[in-house]
file query_21.txt (compact mmCIF, C-alpha atoms)
# COMPACT_ATOMS: atom_id res chain seq x y z
CA MET A 1423 32.51 59.65 -30.22
CA LYS A 1424 29.40 59.73 -28.06
CA GLN A 1425 27.21 59.08 -31.10
CA THR A 1426 29.33 56.06 -32.02
CA ILE A 1427 29.04 54.62 -28.50
CA VAL A 1428 25.25 55.09 -28.52
CA LEU A 1429 24.93 53.38 -31.90
CA SER A 1430 27.12 50.53 -30.69
CA ILE A 1431 24.93 50.05 -27.65
CA ILE A 1432 21.77 50.09 -29.80
CA ALA A 1433 23.32 47.60 -32.22
CA ALA A 1434 24.33 45.34 -29.36
CA ALA A 1435 20.83 45.53 -27.92
CA LEU A 1436 19.34 44.63 -31.29
CA LEU A 1437 21.73 41.72 -31.67
CA PHE A 1438 20.98 40.61 -28.11
CA GLY A 1439 17.25 40.78 -28.80
CA ALA A 1440 17.67 38.88 -32.06
CA GLY A 1441 19.75 36.29 -30.25
CA ASN A 1442 17.07 35.92 -27.60
CA ALA A 1443 14.42 35.56 -30.28
CA MET A 1444 16.46 32.90 -32.07
CA ALA A 1445 17.10 31.11 -28.80
CA GLN A 1446 13.39 31.24 -27.96
CA ASN A 1447 12.50 29.93 -31.43
CA ASN A 1448 14.98 27.08 -31.03
CA LYS A 1449 13.61 26.42 -27.57
CA ASN A 1450 10.06 26.27 -28.96
CA LYS A 1451 11.21 23.96 -31.75
CA ASN A 1452 12.95 21.69 -29.28
CA LYS A 1453 9.90 21.81 -27.04
CA ASN A 1454 7.72 20.58 -29.90
CA LYS A 1455 10.12 17.80 -30.76
CA LYS A 1456 9.23 14.41 -29.34
CA PRO A 1457 12.03 12.87 -27.26
CA VAL A 1458 13.83 10.13 -29.10
CA LYS A 1459 13.59 6.84 -27.23
CA PRO A 1460 16.80 4.83 -27.04
CA VAL A 1461 16.71 1.77 -29.26
CA GLN A 1462 16.83 -1.44 -27.23
CA GLU A 1463 19.05 -4.10 -28.76
CA ASN A 1464 17.48 -7.51 -29.15
CA VAL A 1465 18.95 -10.57 -27.47
CA THR A 1466 20.51 -12.77 -30.15
CA LEU A 1467 19.04 -16.26 -30.07
CA PRO A 1468 21.80 -18.84 -29.58
CA ALA A 1469 22.82 -20.99 -32.53
CA ASN A 1470 20.62 -24.06 -33.06
CA SER A 1471 18.07 -22.90 -30.45
CA ASN A 1472 15.42 -23.98 -32.96
CA ASP A 1473 16.33 -27.58 -32.04
CA CYS A 1474 15.22 -29.22 -28.79
CA LEU A 1475 18.75 -30.45 -27.97
CA PHE A 1476 19.95 -26.83 -27.83
CA ALA A 1477 17.02 -25.35 -25.94
CA VAL A 1478 17.69 -22.00 -24.26
CA GLU A 1479 17.65 -22.37 -20.47
CA ILE A 1480 15.64 -19.61 -18.81
CA GLN A 1481 15.01 -18.68 -15.18
CA PRO A 1482 11.52 -18.38 -13.70
CA ASP A 1483 10.40 -14.77 -13.11
CA VAL A 1484 13.22 -13.39 -15.30
CA PRO A 1485 12.06 -12.16 -18.75
CA PHE A 1486 14.15 -13.36 -21.69
CA GLY A 1487 14.15 -10.97 -24.64
CA PRO A 1488 13.25 -9.14 -26.69
CA THR A 1489 14.96 -11.61 -29.00
CA THR A 1490 16.03 -11.56 -32.60
CA ALA A 1491 13.71 -13.33 -35.03
CA PRO A 1492 13.64 -17.15 -35.00
CA GLN A 1493 15.00 -18.49 -38.29
CA GLY A 1494 13.74 -21.80 -39.65
CA ALA A 1495 13.00 -25.15 -38.04
CA GLY A 1496 16.58 -26.14 -37.24
CA ARG A 1497 18.55 -29.21 -38.23
CA GLN A 1498 15.86 -31.54 -36.95
CA LEU A 1499 12.10 -31.18 -37.31
CA GLU A 1500 10.98 -32.47 -33.90
CA VAL A 1501 7.29 -31.62 -34.13
CA MET A 1502 4.76 -32.51 -36.82
CA ARG A 1503 1.04 -33.01 -36.40
CA ASP A 1504 -0.52 -36.40 -37.12
CA ALA A 1505 -3.69 -38.27 -36.24
CA ASN A 1506 -2.29 -39.41 -32.89
CA ASN A 1507 -1.02 -35.96 -31.99
CA PRO A 1508 -3.66 -33.45 -33.16
CA HIS A 1509 -2.60 -30.70 -30.74
CA ALA A 1510 0.94 -30.33 -32.13
CA PHE A 1511 2.13 -27.79 -34.71
CA GLU A 1512 1.37 -28.71 -38.29
CA PHE A 1513 5.15 -28.41 -38.59
CA GLU A 1514 7.81 -25.99 -37.32
CA HIS A 1515 8.16 -22.80 -39.34
CA ASN A 1516 10.50 -20.52 -37.34
CA SER A 1517 10.89 -22.07 -33.93
CA THR A 1518 12.70 -21.50 -30.63
CA TRP A 1519 13.00 -24.07 -27.84
CA TYR A 1520 13.21 -23.11 -24.16
CA LYS A 1521 13.67 -25.19 -21.02
CA PHE A 1522 13.48 -24.41 -17.31
CA THR A 1523 13.55 -26.20 -13.97
CA VAL A 1524 10.71 -25.65 -11.50
CA PRO A 1525 12.13 -24.05 -8.31
CA TYR A 1526 9.08 -24.84 -6.13
CA SER A 1527 5.66 -26.44 -6.55
CA GLY A 1528 2.80 -24.33 -7.83
CA ASN A 1529 1.00 -23.50 -11.08
CA LEU A 1530 2.88 -22.71 -14.28
CA GLU A 1531 2.29 -19.34 -15.93
CA VAL A 1532 3.78 -18.27 -19.26
CA SER A 1533 3.84 -14.83 -20.87
CA ILE A 1534 4.86 -14.39 -24.52
CA THR A 1535 5.01 -10.94 -26.11
CA PRO A 1536 5.95 -10.66 -29.81
CA ASN A 1537 8.10 -7.74 -30.97
CA SER A 1538 5.80 -7.21 -33.93
CA GLU A 1539 2.05 -6.83 -33.62
CA TRP A 1540 1.52 -8.69 -36.90
CA ASP A 1541 3.41 -11.89 -36.07
CA ASP A 1542 1.48 -15.13 -35.60
CA TYR A 1543 3.03 -17.16 -32.78
CA ASP A 1544 1.94 -20.63 -31.63
CA PHE A 1545 3.44 -22.44 -28.65
CA MET A 1546 3.43 -25.81 -26.86
CA VAL A 1547 4.49 -27.03 -23.41
CA TYR A 1548 6.15 -30.41 -22.74
CA ARG A 1549 7.33 -32.10 -19.55
CA TYR A 1550 10.83 -33.55 -19.82
CA THR A 1551 10.94 -37.34 -19.48
CA ASP A 1552 14.45 -38.76 -19.77
CA ILE A 1553 17.65 -38.62 -21.85
CA TYR A 1554 15.67 -39.91 -24.86
CA PHE A 1555 13.25 -36.98 -24.70
CA SER A 1556 14.35 -35.47 -28.03
CA ASN A 1557 14.21 -38.82 -29.85
CA HIS A 1558 10.74 -39.50 -28.50
CA LEU A 1559 9.63 -36.08 -29.73
CA ILE A 1560 10.83 -36.81 -33.24
CA GLN A 1561 8.98 -40.12 -33.20
CA ASN A 1562 5.81 -38.34 -31.97
CA LYS A 1563 5.78 -40.53 -28.83
CA ILE A 1564 5.40 -37.54 -26.51
CA LYS A 1565 2.32 -35.35 -26.58
CA PRO A 1566 2.28 -31.71 -25.36
CA LEU A 1567 0.68 -30.99 -22.01
CA ALA A 1568 -0.80 -27.82 -23.48
CA SER A 1569 -0.71 -26.01 -26.81
CA SER A 1570 -2.01 -22.83 -28.39
CA LEU A 1571 -2.54 -22.98 -32.16
CA ALA A 1572 -5.07 -20.15 -32.45
CA LYS A 1573 -5.58 -19.05 -36.02
CA LYS A 1574 -4.91 -15.41 -35.28
CA ASP A 1575 -1.84 -13.50 -34.25
CA THR A 1576 -1.19 -12.67 -30.63
CA THR A 1577 -2.66 -9.17 -30.83
CA GLY A 1578 -6.07 -10.47 -31.82
CA ILE A 1579 -5.76 -9.85 -35.58
CA TYR A 1580 -7.21 -12.88 -37.31
CA ALA A 1581 -4.73 -14.73 -39.49
CA ALA A 1582 -7.34 -15.71 -42.05
CA THR A 1583 -6.85 -13.61 -45.19
CA PRO A 1584 -9.73 -11.08 -45.49
CA LYS A 1585 -11.47 -10.77 -48.87
CA ASP A 1586 -14.09 -8.44 -50.31
CA ASN A 1587 -17.40 -9.48 -51.94
CA LYS A 1588 -15.63 -10.22 -55.24
CA GLY A 1589 -13.05 -12.46 -53.58
CA ASN A 1590 -10.21 -9.96 -53.80
CA VAL A 1591 -7.67 -9.97 -50.97
CA LYS A 1592 -7.94 -6.94 -48.71
CA ASP A 1593 -5.39 -5.42 -46.34
CA LYS A 1594 -4.99 -6.76 -42.84
CA PRO A 1595 -7.96 -5.66 -40.67
CA ARG A 1596 -6.14 -3.22 -38.41
CA SER A 1597 -9.44 -1.99 -37.00
CA ARG A 1598 -9.93 -5.42 -35.42
CA ARG A 1599 -6.72 -5.25 -33.45
CA MET A 1600 -7.14 -6.09 -29.79
CA THR A 1601 -5.52 -4.13 -26.98
CA THR A 1602 -3.16 -6.79 -25.67
CA ALA A 1603 0.01 -8.02 -27.36
CA THR A 1604 0.58 -10.93 -25.01
CA MET A 1605 -0.39 -14.59 -25.13
CA GLY A 1606 0.49 -17.46 -22.84
CA MET A 1607 -0.81 -19.48 -19.91
CA ASN A 1608 -2.36 -18.25 -16.66
CA ILE A 1609 -5.22 -18.67 -14.20
CA THR A 1610 -7.66 -16.84 -16.52
CA GLY A 1611 -7.33 -19.54 -19.18
CA LYS A 1612 -10.08 -22.12 -19.58
CA LYS A 1613 -8.47 -24.73 -21.84
CA LEU A 1614 -5.24 -26.69 -22.10
CA PHE A 1615 -5.54 -26.86 -25.89
CA ILE A 1616 -6.57 -24.04 -28.21
CA GLY A 1617 -7.15 -25.19 -31.77
CA PRO A 1618 -6.45 -23.45 -35.09
CA ASN A 1619 -10.04 -22.18 -35.41
CA GLU A 1620 -10.31 -20.83 -31.84
CA SER A 1621 -9.58 -17.32 -30.59
CA GLU A 1622 -8.58 -17.61 -26.89
CA GLU A 1623 -5.26 -15.98 -26.00
CA PHE A 1624 -4.40 -17.78 -22.75
CA LEU A 1625 -4.15 -21.43 -21.89
CA LYS A 1626 -5.12 -22.77 -18.49
CA SER A 1627 -2.20 -22.90 -16.06
CA ILE A 1628 -1.00 -26.38 -15.06
CA PRO A 1629 0.24 -27.65 -11.67
CA VAL A 1630 3.98 -28.32 -11.54
CA ARG A 1631 6.28 -29.79 -8.90
CA LYS A 1632 9.67 -28.70 -7.60
CA GLY A 1633 12.53 -30.16 -9.63
CA GLU A 1634 10.53 -30.96 -12.77
CA VAL A 1635 11.92 -29.76 -16.11
CA TYR A 1636 9.67 -28.29 -18.79
CA TYR A 1637 10.21 -27.39 -22.42
CA ILE A 1638 8.36 -24.65 -24.28
CA VAL A 1639 8.59 -24.40 -28.05
CA LEU A 1640 7.51 -21.21 -29.84
CA ASP A 1641 6.79 -21.13 -33.56
CA ASN A 1642 6.48 -17.90 -35.55
CA LYS A 1643 4.43 -18.77 -38.61
CA SER A 1644 5.21 -15.43 -40.24
CA SER A 1645 7.90 -15.92 -42.91
CA LYS A 1646 9.42 -12.47 -42.31
CA GLY A 1647 8.54 -12.18 -38.66
CA ASP A 1648 10.25 -10.65 -35.67
CA GLY A 1649 11.36 -11.85 -32.22
CA HIS A 1650 9.63 -12.03 -28.86
CA THR A 1651 9.97 -11.84 -25.07
CA ILE A 1652 9.14 -14.84 -22.90
CA LYS A 1653 8.71 -15.11 -19.14
CA VAL A 1654 7.76 -18.13 -17.05
CA SER A 1655 6.53 -17.94 -13.46
CA ILE A 1656 5.34 -20.35 -10.81
CA GLN A 1657 2.16 -19.04 -9.24
CA VAL A 1658 1.98 -19.70 -5.51
CA GLU A 1659 0.70 -17.91 -2.45
CA SER A 1660 3.22 -15.12 -2.05
CA PHE A 1661 4.16 -11.89 -0.34
CA GLU A 1662 4.69 -8.90 -2.65
CA PRO A 1663 6.09 -6.03 -0.57
CA LEU A 1664 7.20 -2.72 -2.03
CA VAL A 1665 11.04 -2.60 -1.99
CA VAL A 1666 12.68 0.85 -2.07
CA PHE A 1667 16.10 2.39 -1.37
CA TYR A 1668 16.13 5.74 0.43
CA ASP A 1669 18.75 8.51 0.57
CA PRO A 1670 18.17 10.23 3.96
CA VAL A 1671 20.15 13.34 2.95
CA ALA A 1672 18.42 13.92 -0.39
CA LYS A 1673 15.17 12.69 1.21
CA LYS A 1674 14.13 10.63 -1.78
CA ASN A 1675 14.18 7.09 -3.14
CA ILE A 1676 17.07 6.30 -5.51
CA ASP A 1677 17.79 3.63 -8.10
CA VAL A 1678 20.32 0.90 -7.29
CA ASP A 1679 22.00 -2.12 -8.85
CA LEU A 1680 19.90 -4.86 -7.23
CA LEU A 1681 20.34 -8.62 -6.90
CA ILE A 1682 18.09 -10.87 -4.78
CA LEU A 1683 18.89 -14.58 -4.44
CA GLU A 1684 16.48 -17.27 -3.27
CA LYS A 1685 18.47 -19.42 -0.84
CA ASN A 1686 15.95 -22.31 -0.82
CA THR A 1687 16.44 -22.91 -4.55
CA ASP A 1688 20.25 -22.95 -4.81
CA ASN A 1689 20.55 -19.16 -4.95
CA ARG A 1690 18.16 -18.65 -7.84
CA PRO A 1691 18.09 -14.94 -8.76
CA ILE A 1692 14.53 -13.62 -8.39
CA ALA A 1693 15.52 -10.00 -9.07
CA LYS A 1694 18.48 -8.77 -11.09
CA ASN A 1695 18.29 -5.16 -12.20
CA PRO A 1696 21.20 -2.71 -12.70
CA SER A 1697 18.81 0.23 -12.33
CA PHE A 1698 16.08 -0.78 -9.90
CA ARG A 1699 13.91 2.24 -9.07
CA GLY A 1700 11.72 0.54 -6.50
CA GLY A 1701 8.74 -1.74 -6.94
CA LYS A 1702 6.95 -4.86 -5.77
CA ILE A 1703 8.85 -8.16 -5.64
CA LYS A 1704 7.34 -11.61 -5.12
CA PHE A 1705 8.62 -13.70 -2.19
CA VAL A 1706 7.53 -17.25 -1.36
CA PRO A 1707 6.32 -17.67 2.25
CA GLY A 1708 8.89 -19.27 4.53
CA PHE A 1709 11.78 -18.97 2.04
CA ASN A 1710 15.17 -17.44 2.84
CA TYR A 1711 16.67 -14.70 0.68
CA ALA A 1712 19.86 -12.68 0.30
CA LEU A 1713 19.66 -9.11 -1.00
CA TYR A 1714 22.56 -7.10 -2.47
CA ALA A 1715 22.24 -3.46 -3.54
CA LYS A 1716 24.97 -1.07 -4.65
CA LYS A 1717 25.36 2.38 -6.16
CA ASN A 1718 28.41 4.50 -6.85
CA GLY A 1719 29.05 6.94 -4.00
CA TYR A 1720 26.99 4.94 -1.50
CA PHE A 1721 27.58 2.15 0.96
CA SER A 1722 26.41 -1.17 -0.43
CA VAL A 1723 23.57 -3.00 1.29
CA PHE A 1724 23.59 -6.70 2.10
CA LYS A 1725 20.77 -8.38 4.00
CA GLU A 1726 19.71 -11.98 4.59
CA PHE A 1727 16.10 -12.51 5.68
CA ASN A 1728 13.16 -14.88 5.76
CA SER A 1729 10.12 -13.83 3.76
CA ASN A 1730 7.80 -14.36 6.74
CA ILE A 1731 8.80 -10.86 7.87
CA PHE A 1732 6.30 -9.66 5.26
CA LYS A 1733 3.33 -11.15 7.08
CA ASP A 1734 2.87 -7.79 8.77
CA ASP A 1735 5.02 -5.45 6.64
CA THR A 1736 4.20 -4.45 3.09
CA LEU A 1737 7.19 -2.10 2.71
CA MET A 1738 10.91 -2.94 2.77
CA ARG A 1739 12.92 0.29 2.87
CA PHE A 1740 16.71 0.32 2.89
CA ILE A 1741 18.70 3.39 3.90
CA MET A 1742 21.45 4.24 1.40
CA ASN A 1743 24.23 6.21 3.11
CA LYS A 1744 26.80 8.12 1.07
CA THR A 1745 30.49 7.29 1.33
CA GLU A 1746 31.51 10.91 1.96
CA LYS A 1747 34.24 12.12 4.28
CA GLY A 1748 32.75 13.55 7.47
CA THR A 1749 29.56 11.45 7.36
CA VAL A 1750 28.58 10.48 10.92
CA PHE A 1751 26.67 7.38 12.03
CA PRO A 1752 25.49 7.77 15.67
CA ILE A 1753 24.78 4.45 17.42
CA ALA A 1754 22.59 4.29 20.53
CA ASP A 1755 21.47 0.65 20.62
CA ILE A 1756 24.69 -0.91 21.92
CA TYR A 1757 25.44 -1.80 25.52
CA PHE A 1758 28.53 -1.95 27.78
CA ASP A 1759 29.25 -3.19 31.27
CA ASP A 1760 30.97 -0.93 33.79
CA ASP A 1761 34.39 -1.83 32.38
CA ALA A 1762 33.47 -0.82 28.79
CA ASN A 1763 33.12 -4.43 27.62
CA LEU A 1764 30.45 -4.96 24.97
CA LEU A 1765 27.38 -6.95 25.96
CA PRO A 1766 25.84 -9.55 23.59
CA GLU A 1767 22.79 -7.32 23.05
CA SER A 1768 25.05 -5.07 20.95
CA ASP A 1769 25.82 -7.68 18.29
CA THR A 1770 22.87 -7.09 15.96
CA SER A 1771 23.46 -3.36 15.56
CA LEU A 1772 27.26 -3.61 15.25
CA LEU A 1773 27.12 -6.48 12.74
CA ASN A 1774 25.01 -4.35 10.42
CA TYR A 1775 27.63 -1.58 10.45
CA MET A 1776 30.46 -4.08 10.22
CA GLN A 1777 28.91 -5.55 7.08
CA MET A 1778 28.49 -2.08 5.62
CA PHE A 1779 32.16 -1.15 6.05
CA LYS A 1780 33.39 -4.62 5.13
CA GLY A 1781 32.02 -4.09 1.63
CA HIS A 1782 34.04 -0.88 1.31
CA PRO A 1783 37.67 -1.43 2.34
CA GLU A 1784 38.55 1.88 0.66
CA VAL A 1785 36.66 3.78 3.39
CA THR A 1786 38.49 4.61 6.63
CA PHE A 1787 36.58 5.70 9.71
CA GLN A 1788 36.96 6.72 13.32
CA ILE A 1789 35.11 5.17 16.26
CA LYS A 1790 34.35 7.81 18.88
CA GLY A 1791 33.12 6.76 22.32
CA TYR A 1792 30.68 8.74 24.48
CA VAL A 1793 29.68 8.66 28.14
CA GLN A 1794 26.82 10.14 30.13
CA SER A 1795 28.55 11.95 32.99
CA TYR A 1796 28.13 14.79 35.50
CA ALA A 1797 31.89 15.46 35.22
CA VAL A 1798 32.75 14.41 38.78
CA ASP A 1799 35.90 12.65 37.48
CA ILE A 1800 36.57 14.03 34.01
CA GLU A 1801 39.76 12.06 33.48
CA ALA A 1802 38.04 8.75 34.31
CA ASP A 1803 35.13 9.64 32.04
CA GLN A 1804 37.51 10.40 29.20
CA LYS A 1805 39.29 7.06 29.63
CA LEU A 1806 35.94 5.25 29.68
CA SER A 1807 34.85 6.86 26.39
CA ILE A 1808 38.12 5.75 24.73
CA ALA A 1809 37.79 2.24 26.20
CA ARG A 1810 34.29 1.95 24.70
CA ALA A 1811 35.62 2.94 21.30
CA GLN A 1812 38.42 0.38 21.66
CA SER A 1813 35.91 -2.39 22.48
CA VAL A 1814 33.95 -1.61 19.31
CA LYS A 1815 37.14 -1.63 17.24
CA GLU A 1816 38.10 -5.03 18.61
CA PHE A 1817 34.61 -6.31 17.72
CA PHE A 1818 34.95 -5.07 14.12
CA VAL A 1819 38.46 -6.50 13.72
CA ALA A 1820 37.36 -9.85 15.16
CA HIS A 1821 34.64 -9.97 12.50
CA GLY A 1822 36.91 -9.28 9.56
CA LEU A 1823 37.58 -5.54 9.29
CA SER A 1824 41.18 -4.41 8.87
CA PRO A 1825 42.59 -2.58 11.92
CA GLU A 1826 44.25 -0.12 9.49
CA GLN A 1827 40.78 0.93 8.40
CA ILE A 1828 39.86 2.12 11.90
CA THR A 1829 41.03 4.78 14.37
CA ILE A 1830 39.54 5.49 17.80
CA ALA A 1831 38.83 8.57 19.90
CA GLY A 1832 36.98 9.52 23.05
CA MET A 1833 35.27 12.65 24.32
CA THR A 1834 37.43 15.67 25.04
CA GLN A 1835 37.38 17.19 28.53
CA ASN A 1836 35.46 20.22 27.22
CA GLU A 1837 32.84 17.96 25.63
CA ILE A 1838 32.35 16.16 28.94
CA LYS A 1839 32.01 19.50 30.80
CA ARG A 1840 29.49 20.90 28.28
CA SER A 1841 27.41 17.73 28.42
CA ALA A 1842 27.35 17.78 32.23
CA ALA A 1843 26.51 21.51 32.36
CA ALA A 1844 23.61 21.04 29.96
CA ALA A 1845 22.23 18.24 32.13
CA LEU A 1846 22.71 20.10 35.44
CA ASN A 1847 21.93 23.72 34.59
CA LYS A 1848 19.64 23.50 31.56
CA HIS A 1849 17.97 20.25 32.63
CA GLN A 1850 18.68 18.70 29.24
CA ALA A 1851 18.77 14.93 28.83
CA PHE A 1852 22.04 13.23 28.02
CA ARG A 1853 22.55 12.13 24.42
CA ASP A 1854 21.55 8.54 23.79
CA THR A 1855 24.53 8.10 21.47
CA LYS A 1856 27.18 5.81 22.91
CA ILE A 1857 29.34 5.50 19.79
CA GLU A 1858 29.80 7.49 16.59
CA LEU A 1859 31.33 6.12 13.40
CA ILE A 1860 32.83 9.00 11.42
CA ILE A 1861 34.19 8.61 7.87
CA THR A 1862 37.72 10.01 7.81
CA GLY A 1863 38.82 9.23 4.27
CA ILE A 1864 38.21 7.37 1.01
CA SER A 1865 41.18 5.94 -0.87
CA LYS A 1866 41.07 5.92 -4.66

call {"tool": "encode", "arguments": {"input": "query_21.txt", "output": "structure tokens"}}
result
Amino acid sequence: MKQTIVLSIIAAALLFGAGNAMAQNNKNKNKNKKPVKPVQENVTLPANSNDCLFAVEIQPDVPFGPTTAPQGAGRQLEVMRDANNPHAFEFEHNSTWYKFTVPYSGNLEVSITPNSEWDDYDFMVYRYTDIYFSNHLIQNKIKPLASSLAKKDTTGIYAATPKDNKGNVKDKPRSRRMTTATMGMNITGKKLFIGPNESEEFLKSIPVRKGEVYYIVLDNKSSKGDGHTIKVSIQVESFEPLVVFYDPVAKKNIDVDLLILEKNTDNRPIAKNPSFRGGKIKFVPGFNYALYAKKNGYFSVFKEFNSNIFKDDTLMRFIMNKTEKGTVFPIADIYFDDDANLLPESDTSLLNYMQMFKGHPEVTFQIKGYVQSYAVDIEADQKLSIARAQSVKEFFVAHGLSPEQITIAGMTQNEIKRSAAAALNKHQAFRDTKIELIITGISK
């Protein structure tokens, strides 16, 4: 029997060792494997977007794409080069029309990034005139403000077919590929028109005015080409602070679902990201903005502000507090008169908390009042702490919170005694906290 037990133990050890070896081998294999990147689905180009009448409307500063491949020239061939319009496409091959409205005056910048490094994209920029704009295009009565017809693709691979000394066609010259895959229009550009035999990648940016409408037409000359990503921006003097969202418990920045609206331009979204991990955002001086940020398990953040606050600050950090039962928010910067009535100086602080809870009606909380007392009249002190809590509740209810969401409490007699003893005997300072907001529950 003993021999059998020993053999069993040895066999188990061998199996355990073999299992460990197999696990280690698998671990090494997995370690050597390259992580598989998730495939990003392309944005399907709307039907007929290869015609000017059905141009895709895009927002400044918001990338559109990557798109599916443009297919054909559409029902109507709006653009065709002639002697009076030498800077236009020879004709449309596989085109996409875009339009956008300028939110504020500045210089127009355009960024176009093809999905494929071998595609040969050209593009032109037009200013919208009137309701006959499309007809005038077809009749070649409107000339582009700028156009790029460079006879190379957007990665710097020349489109001219390479041949050897005997005239035989060679493969595409991959060794001549440039490092950038983007073309467009910006302040580095020198020309408004780049011809078919020129090699510049960027056009010169053009001044634009608030309210003007512009059209951009892209043409992929490759017959079996791919899609692209396009982004338009208006270059102005701007503030670009770093915007982050901080979890004070985890002591780290977290990602949030972020939306920032520009109030001066009819609530144009300048940032819309379901997983914003922090970064720089461009704000126009003197403009007003509204910021919304949310994340499951956290209080949402809402803030309205003027961008001039960034004249001195280069960081905008928002505290993200968890919606967990028992979480305490101590408030010191509120003020009462002798009868526990709130003073106007308290409004700013309380409105911030009111807005926080207003966005989460499922969260119930208690308002607990505090006093700084030497316990001469404990009963009066206790009543005063409750009265302070009641004043804060009335403030919240008056500004839209449900009274059922809130309970109140004051200091207990023992808490008042301990606070007074610490101040008298241990020479400790009183707590600055005048009110605590304590999460008591979260309804599903």

call {"tool": "atom_distance", "arguments": {"input": "query_21.txt", "atom1": "atom CA of A:Val1532", "atom2": "atom CA of A:Val1630"}}
result
12.7 Å

call {"tool": "residues_around", "arguments": {"input": "query_21.txt", "residues": "A:Ile1800", "least_positions_apart": "5", "cutoff": "12 Å", "atoms": "only C-alpha atoms", "output": "list of chain:residue names"}}
result
A:Val1793, A:Gln1794, A:Ser1795, A:Lys1805, A:Leu1806, A:Ser1807, A:Gly1832, A:Met1833, A:Thr1834, A:Gln1835, A:Asn1836, A:Glu1837, A:Ile1838, A:Lys1839, A:Arg1840, A:Ser1841, A:Ala1842

call {"tool": "residues_around", "arguments": {"input": "query_21.txt", "residues": "A:Met1738", "least_positions_apart": "5", "cutoff": "12 Å", "atoms": "only C-alpha atoms", "output": "ChimeraX atom specification"}}
result
/A:1661-1668,1700-1703,1713,1725,1727,1729,1731-1733

call {"tool": "write_last_selection", "arguments": {"input": "query_21.txt", "atoms": "C-alpha atoms", "output": "PDB file, keeping the file's coordinate frame"}}
result
ATOM      1  CA  PHE A1661       4.160 -11.890  -0.340  1.00  0.00           C
ATOM      2  CA  GLU A1662       4.690  -8.900  -2.650  1.00  0.00           C
ATOM      3  CA  PRO A1663       6.090  -6.030  -0.570  1.00  0.00           C
ATOM      4  CA  LEU A1664       7.200  -2.720  -2.030  1.00  0.00           C
ATOM      5  CA  VAL A1665      11.040  -2.600  -1.990  1.00  0.00           C
ATOM      6  CA  VAL A1666      12.680   0.850  -2.070  1.00  0.00           C
ATOM      7  CA  PHE A1667      16.100   2.390  -1.370  1.00  0.00           C
ATOM      8  CA  TYR A1668      16.130   5.740   0.430  1.00  0.00           C
ATOM      9  CA  GLY A1700      11.720   0.540  -6.500  1.00  0.00           C
ATOM     10  CA  GLY A1701       8.740  -1.740  -6.940  1.00  0.00           C
ATOM     11  CA  LYS A1702       6.950  -4.860  -5.770  1.00  0.00           C
ATOM     12  CA  ILE A1703       8.850  -8.160  -5.640  1.00  0.00           C
ATOM     13  CA  LEU A1713      19.660  -9.110  -1.000  1.00  0.00           C
ATOM     14  CA  LYS A1725      20.770  -8.380   4.000  1.00  0.00           C
ATOM     15  CA  PHE A1727      16.100 -12.510   5.680  1.00  0.00           C
ATOM     16  CA  SER A1729      10.120 -13.830   3.760  1.00  0.00           C
ATOM     17  CA  ILE A1731       8.800 -10.860   7.870  1.00  0.00           C
ATOM     18  CA  PHE A1732       6.300  -9.660   5.260  1.00  0.00           C
ATOM     19  CA  LYS A1733       3.330 -11.150   7.080  1.00  0.00           C
TER      20      LYS A1733
END

call {"tool": "residues_around", "arguments": {"input": "query_21.txt", "residues": "A:Asn1642", "least_positions_apart": "2", "cutoff": "7 Å", "atoms": "all atoms listed in the file", "output": "PyMOL selection string"}}
result
chain A and resi 1515-1517+1541-1544+1640+1644+1647

call {"tool": "residues_around", "arguments": {"input": "query_21.txt", "residues": "A:Ser1527", "least_positions_apart": "5", "cutoff": "8 Å", "atoms": "all atoms listed in the file", "output": "list of chain:residue names"}}
result
A:Pro1629, A:Val1630, A:Arg1631, A:Lys1632, A:Ile1656, A:Val1658

call {"tool": "residues_near_point", "arguments": {"input": "query_21.txt", "point": "(42.0, -0.8, 17.3)", "cutoff": "6 Å", "atoms": "all atoms listed in the file", "output": "PyMOL selection string"}}
result
chain A and resi 1812+1815-1816+1825

call {"tool": "residues_around", "arguments": {"input": "query_21.txt", "residues": "stretch 1672-1689 of chain A", "least_positions_apart": "2", "cutoff": "9 Å", "atoms": "only C-alpha atoms", "output": "compact mmCIF listing (two decimals) with C-alpha atoms, in the coordinates of the input"}}
result
# COMPACT_ATOMS: atom_id res chain seq x y z
CA PRO A 1525 12.13 -24.05 -8.31
CA TYR A 1526 9.08 -24.84 -6.13
CA VAL A 1666 12.68 0.85 -2.07
CA PHE A 1667 16.10 2.39 -1.37
CA TYR A 1668 16.13 5.74 0.43
CA ASP A 1669 18.75 8.51 0.57
CA PRO A 1670 18.17 10.23 3.96
CA PRO A 1691 18.09 -14.94 -8.76
CA ILE A 1692 14.53 -13.62 -8.39
CA ALA A 1693 15.52 -10.00 -9.07
CA LYS A 1694 18.48 -8.77 -11.09
CA ASN A 1695 18.29 -5.16 -12.20
CA PRO A 1696 21.20 -2.71 -12.70
CA SER A 1697 18.81 0.23 -12.33
CA PHE A 1698 16.08 -0.78 -9.90
CA ARG A 1699 13.91 2.24 -9.07
CA GLY A 1700 11.72 0.54 -6.50
CA PHE A 1705 8.62 -13.70 -2.19
CA PHE A 1709 11.78 -18.97 2.04
CA ASN A 1710 15.17 -17.44 2.84
CA TYR A 1711 16.67 -14.70 0.68
CA ALA A 1712 19.86 -12.68 0.30
CA LEU A 1713 19.66 -9.11 -1.00
CA TYR A 1714 22.56 -7.10 -2.47
CA ALA A 1715 22.24 -3.46 -3.54
CA LYS A 1716 24.97 -1.07 -4.65
CA LYS A 1717 25.36 2.38 -6.16
CA ASN A 1718 28.41 4.50 -6.85
CA MET A 1742 21.45 4.24 1.40
